[in-house]
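Asks: Structure below; questions to follow.
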Amino acid sequence: MIEAIEAIPAQFIVIFVGFLAILAFVGLNAVLLVYLERKIAGFIHRRPGPYEVGPHGILQPIADGLKLVGKQIFTPTGADSYLFWLAPMISIAPALVCFIAIPFGPHLQIINTNVGLILILAFTGINVLALCIAGWTSQNKYSLLGAARDISQSVAYEIPLLITVLSVVFMTGTFNLFDIAAGQGAWPWQWYIVYQPLAFVLFFICVLAETNRAPFDLPEAESELTAGFHTEYSGMGFAMFFLAEYAYMVVASCIVAILFLGGFQGPIAPGVWWFLAKVYIVLLVMIWIRWTFPRVRFDQLLNICWKWLIPLAVLNLLITLAVIAL
Amino acid sequence: MSSMDLRLDTSGDYYARKFQPTKREDTLILNMGPQHPSTHGVLRILLEIEGEYILRADPVLGYVHRMHEKMGEVMSYPQYYPNPPRTDYLHALAWNWAHVAAVERLMGIEVPERAEYIRVITCELNRITSHLLWWGAYLLDLGAFTPIMYSFDDRERIQDILQRITGSRLTYCYYRFGGVSDDIDDRFVEDTRRHCAVMKERFKMFKSLVTDNFILRKRVEEIGEIPLETCRKYGATGPVLRGSGKAYDVRRAEPYSVYDRFDFNIPAYDTCDAMGRYLVRMDEMQESIKIIEQALDTLPEGDYIHPKAPKRPKPPVGDIYFALEGARGKIGIHLVSDGGKSPYRIKLRAPGYSNLSLFSEVAQGTLISDAVSILGSLDLVIPEIDR
Amino acid sequence: MIKTLRETIGGLWSLLVGMKITAINFKSPEITVHYPRQVVPDLEGFRGHIELVPKEDDPFKSKCTACSNCVRICPTSCISMKAAKPKKKEAPAAEAEGSQEPAAKKPKAKPEPVLFELNFNYCSLCGLCVQSCPTNALRFSDDVYLAGFTRQEFVFDLLARLQNQAQKKEQ
Amino acid sequence: MDEKKAKPEKPAGVVKAAKQEESAEPIYTGYDSDCFIERQDLLNAVQKLDQAGFFLEDVSCMHITEGFHLVYHFDRFDQPGRMGLRVVLDRENPEVDSISEIYPGASWHERECFDFFGVRFTGHPNLIPLLLDPDFEGPPPLLKEESALKDLNHLYPDRGHTGISPESADFTREINNCSNQKSRNKS
């Protein structure tokens, strides 16, 4: 028996344990983020937010989760039920994979791969497919419109996202997330945000759009498309989309923290705490933005991308290259 | 997908069948409403869309139709008090006033000065609450959730003030033939003054949070242009008309009550777009505050209701059309009396009815998001439209 | 070009201003009331359903003279009332021939309600009944926290309510 | 607020030569000018009003002994003045030309009259129920019982009920009169 375990490569065990850890991490994060989101919204609105379940409503997300689990699973008439229920799974699975390559601390990373950044960008791209399937198979016109919006939005924003990432990659010369983080110093003036402020802003906007966060939450624009692609999902289907949305937010914030905010680098305290603190600051800003701005219109969203973000990103890349070449 | 034919809704209801797609193959019929987050109640709009562009739009009404006009014919005049405010629950006092004033004019009941002042103050306070709710709800349509919470804060405070006097917070039934049902006191005057001062500060905050916001400007500027001629053809009034550049306000055009004694502007913007309508309403709230402050300064002493006001009025034979300016436009009451104790015919002119009727023309060729923006900028109250 | 650029930068600045405002509000104190633990302090002027006003000298009797003005004026007919003349000790015999005998003989017994019910389900709280009452026998209650599970719970027997209130007062 | 008991203000006659009385004691009726016109003249008259820059406020219908009485309320943005066009329709065949060609906004008002009274508007592009349920069966809801009906002489005493022609000088005078606004100086 022991031999059998020893026969398994160590790497595999690490991945297996890591995967369980990721599941726990994603679940915990979602719970915490839901709570934070509602609490922050509450405070911005000058109301208490969730307050009744547990002290200061701290157990509210768990109650919500239980409610979602207990709900009836409902498939619309005429929907392709296999694809319909596959979509939420396709949505959540890649998000989990992404965490494998993220260095949470100097010694806390599941696999340290040279193509970590590419892996994450590739896997987050799969989410589009999930939303597309969800919208298509829902037999609902609003879902269909939401899916159509999501595809054009994601496709458009992948481009400036990749270009801005490239400018950081050219600076560091590697796609390895650990190396990128390690390449920055412990103090804020040593982070890449100082060298690449424009890239940071562009990347952050793209992240908002890619994760479908307000003001770019067009695929699920409530006042226009009721709930967009997940109009017809109930119970766990909806919960998985919800979970995936928050998981992608966390992944995106991790990338922002690694690329621009020094990752796990920081003075005094252990790296993992610095990393989490930075990730949460980014998340808080995303939540803050959501509760402040109106939603942009669909064509404006694409205009921002094609007319502003892509040229600026290219410009930024060229400047970066010129500086490096010199 | 083949199992679902998105184009031909043969199984649809009466209105969907009447609204068959045109000859084009690549269009979609979309039912927006009656339960849709942006239609503010139970309005249904049938859309024919190509991608996200609207080719045709046709509103379907009647989901909250209650036949208030028939109720008017079977009830006596005082019994009809609670009905008109329930058509437009956001500016209830204006409807209350329209009904009361029409009967007063038909019978020649005198209204004491103090009562007229009280009516002006309360009606303008109510107008502010109506515009505040519109503001919040419009931004909700545009995807900003926070402003409605701020506007409700102020709105609730005004409702607190009004509740002390009128006894209700939404569907007021306060005006009576010949006056109002209760007098106002010093505390009301004080509270109102204080809140007016607070509101002035709040408007600055609203402006920098929302009106100046870049995203909002892009969502409302040059959206839903309604030329003045369209307004005239459809009989649109109120902020919709003033947003199209015509400073037409019943308070000025056919002065009623004591409005001719106050100094206030009629805001008008000739941009004709949703931004024009937005700015008109934002300015109007400030003008209302101006009116309220003037009225409080010059509030006369005296009766709050005419001592000889009839309890069971029986107006003489005749017909009368009385119009006044509601938050959404010109409220009109056509009252025909045959000398009996209930009206022979009472016709309510809801401003939203005419304002909404131009939607199908304006919405053509716009995006769904813009249609939502236009719909919000018309400031619809569906129960008023359906009556 | 420069104009667009300036517009864009001004626009971005307006976004930051918006975020500043929400941040200020984030720090400001709450304006809501935690309902079950706190209640709204000032309920002056609140109009609940109507209730009967007791006589000054006898809290068990209402001022109502059963004129049924309120019943007639109510737009939704939600008040129902039955009137009767109170039975005085020597009255029962006199009652029958009371119509022939003029009232001069003894002070006429004022009619009073034996049943006064309000169907609150239909009430639109217009206040016409209170205003039309010649003896001011009706008033609005301040019963804000009114809730129930069935419609039947909102049919109030106002006479019984008056008795309850009087009993509570006596205790 | 000094209007007196509203007696029907207008003197009898096809045209109300309103001016003489009003200067003495204005009575508020809300109408600065109103006249009866014949059913077939409606489109013509509305055309005239359209050219004069009026907008349509609403179309009010009522059930009377003679049939149906339609009142079109018009008003102006620039020079105030409400104009009422009154049309009387037959009982058996309540039909009138639709004015939605001229005023598209009238389309809904006409559909409302069709709903509530069963008045048919010829030439209306889309005369289907608007406020009522299309499955609604039974007589239109605002029709009165025979015993409750009143006739024109009862409702509008002391004035003629015959229509004037929109081509006539009287009609032009009505249009011009209504911006004098004498009748509502004291509202």
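Each chain of the structure tokens is named A, B, ... in the order shown, its residues numbered from 1; ligands are numbered from 1 in display order.
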Show me, as a VMD selection string, every residue of chain A with an atom at most 10 Å from chain B, counting only C-alpha atoms.
Replies: chain A and resid 41 to 42 44 to 47 78 to 80 136 to 142 145 148 to 149 214 to 218 221 to 227 290 to 300
Asks: Please produce a file of those selected residues containing C-alpha atoms, as a CSV table (one decimal), in the first residue's frame.
Replies:
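out03.csv, freshly written:
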```
chain,number,residue,atom,x,y,z
A,41,ALA,CA,-22.9,47.9,-0.6
A,42,GLY,CA,-24.7,48.4,2.6
A,44,ILE,CA,-22.1,52.8,0.9
A,45,HIS,CA,-25.9,53.0,1.0
A,46,ARG,CA,-25.7,53.9,4.6
A,47,ARG,CA,-27.6,50.8,5.8
A,78,GLY,CA,-37.2,22.4,-24.9
A,79,ALA,CA,-33.8,23.1,-23.5
A,80,ASP,CA,-30.9,20.7,-24.3
A,136,TRP,CA,-27.7,29.2,-26.3
A,137,THR,CA,-29.3,26.2,-24.5
A,138,SER,CA,-31.6,28.2,-22.2
A,139,GLN,CA,-34.3,28.6,-24.8
A,140,ASN,CA,-34.6,32.2,-23.7
A,141,LYS,CA,-34.1,35.3,-25.8
A,142,TYR,CA,-32.6,37.3,-23.0
A,145,LEU,CA,-28.6,38.2,-26.1
A,148,ALA,CA,-24.0,37.2,-27.6
A,149,ARG,CA,-22.9,40.2,-25.6
A,214,ALA,CA,-19.9,46.5,-13.2
A,215,PRO,CA,-19.7,48.9,-15.0
A,216,PHE,CA,-19.1,46.2,-17.7
A,217,ASP,CA,-21.6,43.7,-16.5
A,218,LEU,CA,-23.4,43.6,-19.8
A,221,ALA,CA,-27.3,43.5,-17.3
A,222,GLU,CA,-30.2,43.3,-15.0
A,223,SER,CA,-32.3,46.2,-16.2
A,224,GLU,CA,-31.9,45.3,-19.8
A,225,LEU,CA,-31.7,41.5,-20.1
A,226,THR,CA,-33.3,40.6,-16.7
A,227,ALA,CA,-30.4,38.3,-15.8
A,290,ARG,CA,-19.5,48.3,-8.8
A,291,TRP,CA,-21.5,50.3,-6.3
A,292,THR,CA,-20.6,53.7,-7.7
A,293,PHE,CA,-21.0,53.7,-11.5
A,294,PRO,CA,-23.8,53.2,-14.0
A,295,ARG,CA,-23.4,50.6,-16.6
A,296,VAL,CA,-21.9,51.4,-20.0
A,297,ARG,CA,-23.7,50.7,-23.1
A,298,PHE,CA,-22.7,47.7,-25.3
A,299,ASP,CA,-21.4,49.6,-28.2
A,300,GLN,CA,-19.6,52.0,-25.9
```
Asks: Kindly determine which residues of chain B lie within 10 Å of chain C, considering only C-alpha atoms, and give the answer as a PyMOL selection string.
Replies: chain B and resi 71+75-83+86+146-147+150+153+160-169+171-174+176+181+205-215+217-218+311-312
Asks: Ile289 of chain B: which residues within 12 Å, counting only C-alpha atoms, same-chain residues fewer than 3 positions away excluded, as a PyMOL selection string?
Replies: chain B and resi 120-129+158+192-200+203+262-265+282-286+292-296
Asks: Please produce a file of the residues just selected, as a short mmCIF file (atom, residue, chain, number, x, y, z; two decimals), in the first residue's frame, where the atoms kept are N, CA, C and O atoms.
Replies:
```cif
data_model
loop_
_atom_site.label_atom_id
_atom_site.label_comp_id
_atom_site.auth_asym_id
_atom_site.auth_seq_id
_atom_site.Cartn_x
_atom_site.Cartn_y
_atom_site.Cartn_z
N VAL B 120 -50.09 74.39 -2.17
CA VAL B 120 -48.88 74.60 -2.98
C VAL B 120 -47.69 73.94 -2.31
O VAL B 120 -46.92 73.21 -2.95
N ILE B 121 -47.55 74.16 -1.00
CA ILE B 121 -46.38 73.62 -0.29
C ILE B 121 -46.37 72.09 -0.35
O ILE B 121 -45.37 71.47 -0.74
N THR B 122 -47.50 71.50 -0.02
CA THR B 122 -47.51 70.04 0.03
C THR B 122 -47.38 69.44 -1.37
O THR B 122 -46.69 68.44 -1.56
N CYS B 123 -48.01 70.07 -2.33
CA CYS B 123 -47.94 69.54 -3.69
C CYS B 123 -46.51 69.61 -4.21
O CYS B 123 -46.03 68.68 -4.87
N GLU B 124 -45.81 70.70 -3.90
CA GLU B 124 -44.43 70.81 -4.38
C GLU B 124 -43.52 69.83 -3.64
O GLU B 124 -42.61 69.26 -4.24
N LEU B 125 -43.78 69.63 -2.35
CA LEU B 125 -42.99 68.62 -1.64
C LEU B 125 -43.19 67.26 -2.28
O LEU B 125 -42.25 66.49 -2.48
N ASN B 126 -44.43 67.00 -2.63
CA ASN B 126 -44.74 65.73 -3.26
C ASN B 126 -44.06 65.62 -4.63
O ASN B 126 -43.59 64.55 -5.02
N ARG B 127 -43.99 66.74 -5.33
CA ARG B 127 -43.31 66.72 -6.63
C ARG B 127 -41.83 66.35 -6.45
O ARG B 127 -41.27 65.60 -7.24
N ILE B 128 -41.23 66.89 -5.39
CA ILE B 128 -39.83 66.55 -5.15
C ILE B 128 -39.68 65.06 -4.88
O ILE B 128 -38.79 64.40 -5.42
N THR B 129 -40.57 64.51 -4.07
CA THR B 129 -40.45 63.07 -3.80
C THR B 129 -40.61 62.28 -5.09
O THR B 129 -39.91 61.30 -5.31
N ILE B 158 -38.97 63.64 3.47
CA ILE B 158 -40.11 64.46 3.05
C ILE B 158 -41.41 63.76 3.40
O ILE B 158 -42.37 64.38 3.86
N THR B 192 -40.00 71.63 7.31
CA THR B 192 -39.89 71.83 5.87
C THR B 192 -38.73 72.76 5.54
O THR B 192 -37.94 72.48 4.65
N ARG B 193 -38.62 73.83 6.28
CA ARG B 193 -37.51 74.76 6.06
C ARG B 193 -36.17 74.04 6.21
O ARG B 193 -35.28 74.18 5.38
N ARG B 194 -36.08 73.27 7.30
CA ARG B 194 -34.81 72.61 7.56
C ARG B 194 -34.49 71.65 6.42
O ARG B 194 -33.38 71.60 5.91
N HIS B 195 -35.51 70.91 6.01
CA HIS B 195 -35.23 69.93 4.98
C HIS B 195 -34.91 70.58 3.64
O HIS B 195 -34.11 70.06 2.88
N CYS B 196 -35.52 71.71 3.37
CA CYS B 196 -35.19 72.43 2.13
C CYS B 196 -33.71 72.79 2.11
O CYS B 196 -33.03 72.66 1.10
N ALA B 197 -33.22 73.23 3.27
CA ALA B 197 -31.80 73.58 3.36
C ALA B 197 -30.94 72.34 3.12
O ALA B 197 -29.93 72.40 2.40
N VAL B 198 -31.36 71.22 3.71
CA VAL B 198 -30.60 69.98 3.53
C VAL B 198 -30.59 69.58 2.07
O VAL B 198 -29.55 69.20 1.51
N MET B 199 -31.76 69.68 1.43
CA MET B 199 -31.87 69.24 0.05
C MET B 199 -30.92 70.01 -0.87
O MET B 199 -30.35 69.45 -1.80
N LYS B 200 -30.78 71.30 -0.58
CA LYS B 200 -29.91 72.09 -1.45
C LYS B 200 -28.48 71.53 -1.44
O LYS B 200 -27.81 71.51 -2.47
N PHE B 203 -28.40 68.22 -3.43
CA PHE B 203 -28.38 68.33 -4.89
C PHE B 203 -26.95 68.47 -5.41
O PHE B 203 -26.62 67.97 -6.48
N PHE B 262 -45.60 83.46 -6.98
CA PHE B 262 -44.26 83.01 -6.65
C PHE B 262 -43.32 83.23 -7.82
O PHE B 262 -43.72 83.20 -8.98
N ASP B 263 -42.07 83.39 -7.45
CA ASP B 263 -41.05 83.63 -8.45
C ASP B 263 -40.30 82.32 -8.66
O ASP B 263 -39.61 81.84 -7.76
N PHE B 264 -40.52 81.73 -9.79
CA PHE B 264 -39.77 80.49 -10.09
C PHE B 264 -39.56 80.39 -11.59
O PHE B 264 -40.28 80.99 -12.38
N ASN B 265 -38.55 79.63 -11.96
CA ASN B 265 -38.25 79.47 -13.38
C ASN B 265 -38.87 78.18 -13.88
O ASN B 265 -39.11 77.26 -13.13
N MET B 282 -34.00 67.58 -12.61
CA MET B 282 -33.10 67.97 -11.53
C MET B 282 -33.29 69.44 -11.18
O MET B 282 -33.28 69.82 -10.01
N ASP B 283 -33.46 70.28 -12.21
CA ASP B 283 -33.67 71.71 -11.94
C ASP B 283 -35.03 71.95 -11.29
O ASP B 283 -35.17 72.81 -10.44
N GLU B 284 -36.00 71.17 -11.73
CA GLU B 284 -37.35 71.38 -11.22
C GLU B 284 -37.43 71.17 -9.72
O GLU B 284 -38.17 71.87 -9.02
N MET B 285 -36.67 70.22 -9.23
CA MET B 285 -36.67 69.99 -7.79
C MET B 285 -36.19 71.24 -7.07
O MET B 285 -36.73 71.63 -6.04
N GLN B 286 -35.17 71.87 -7.64
CA GLN B 286 -34.66 73.08 -6.98
C GLN B 286 -35.67 74.21 -7.08
O GLN B 286 -35.83 75.00 -6.15
N ILE B 292 -41.48 76.47 -2.38
CA ILE B 292 -41.87 76.12 -1.01
C ILE B 292 -41.36 77.18 -0.05
O ILE B 292 -42.09 77.63 0.85
N GLU B 293 -40.14 77.61 -0.23
CA GLU B 293 -39.58 78.59 0.71
C GLU B 293 -40.33 79.91 0.63
O GLU B 293 -40.63 80.52 1.66
N GLN B 294 -40.67 80.31 -0.61
CA GLN B 294 -41.45 81.55 -0.73
C GLN B 294 -42.80 81.40 -0.07
O GLN B 294 -43.28 82.30 0.63
N ALA B 295 -43.43 80.25 -0.29
CA ALA B 295 -44.77 80.06 0.27
C ALA B 295 -44.72 80.04 1.79
O ALA B 295 -45.61 80.57 2.46
N LEU B 296 -43.67 79.45 2.33
CA LEU B 296 -43.56 79.41 3.79
C LEU B 296 -43.35 80.82 4.34
O LEU B 296 -43.85 81.16 5.41
#
```
Asks: Could you pull the residues within 12 Å of Val46 of chain D, counting only C-alpha atoms, minus those fewer than 3 positions along the same chain, as JSON, numbers by chain?
Replies: {"B": [233], "D": [37, 39, 40, 41, 42, 43, 49, 50, 51, 52, 53, 54, 55, 56, 72, 73, 74, 83, 84, 85, 86, 87, 97, 98, 99, 100, 101, 102, 103, 106, 165, 166, 167, 171, 175]}
Asks: Which one of A:Val14, A:Leu318, A:Ile40, A:Phe170 sits closest to chain C if you count only C-alpha atoms?
Replies: A:Ile40
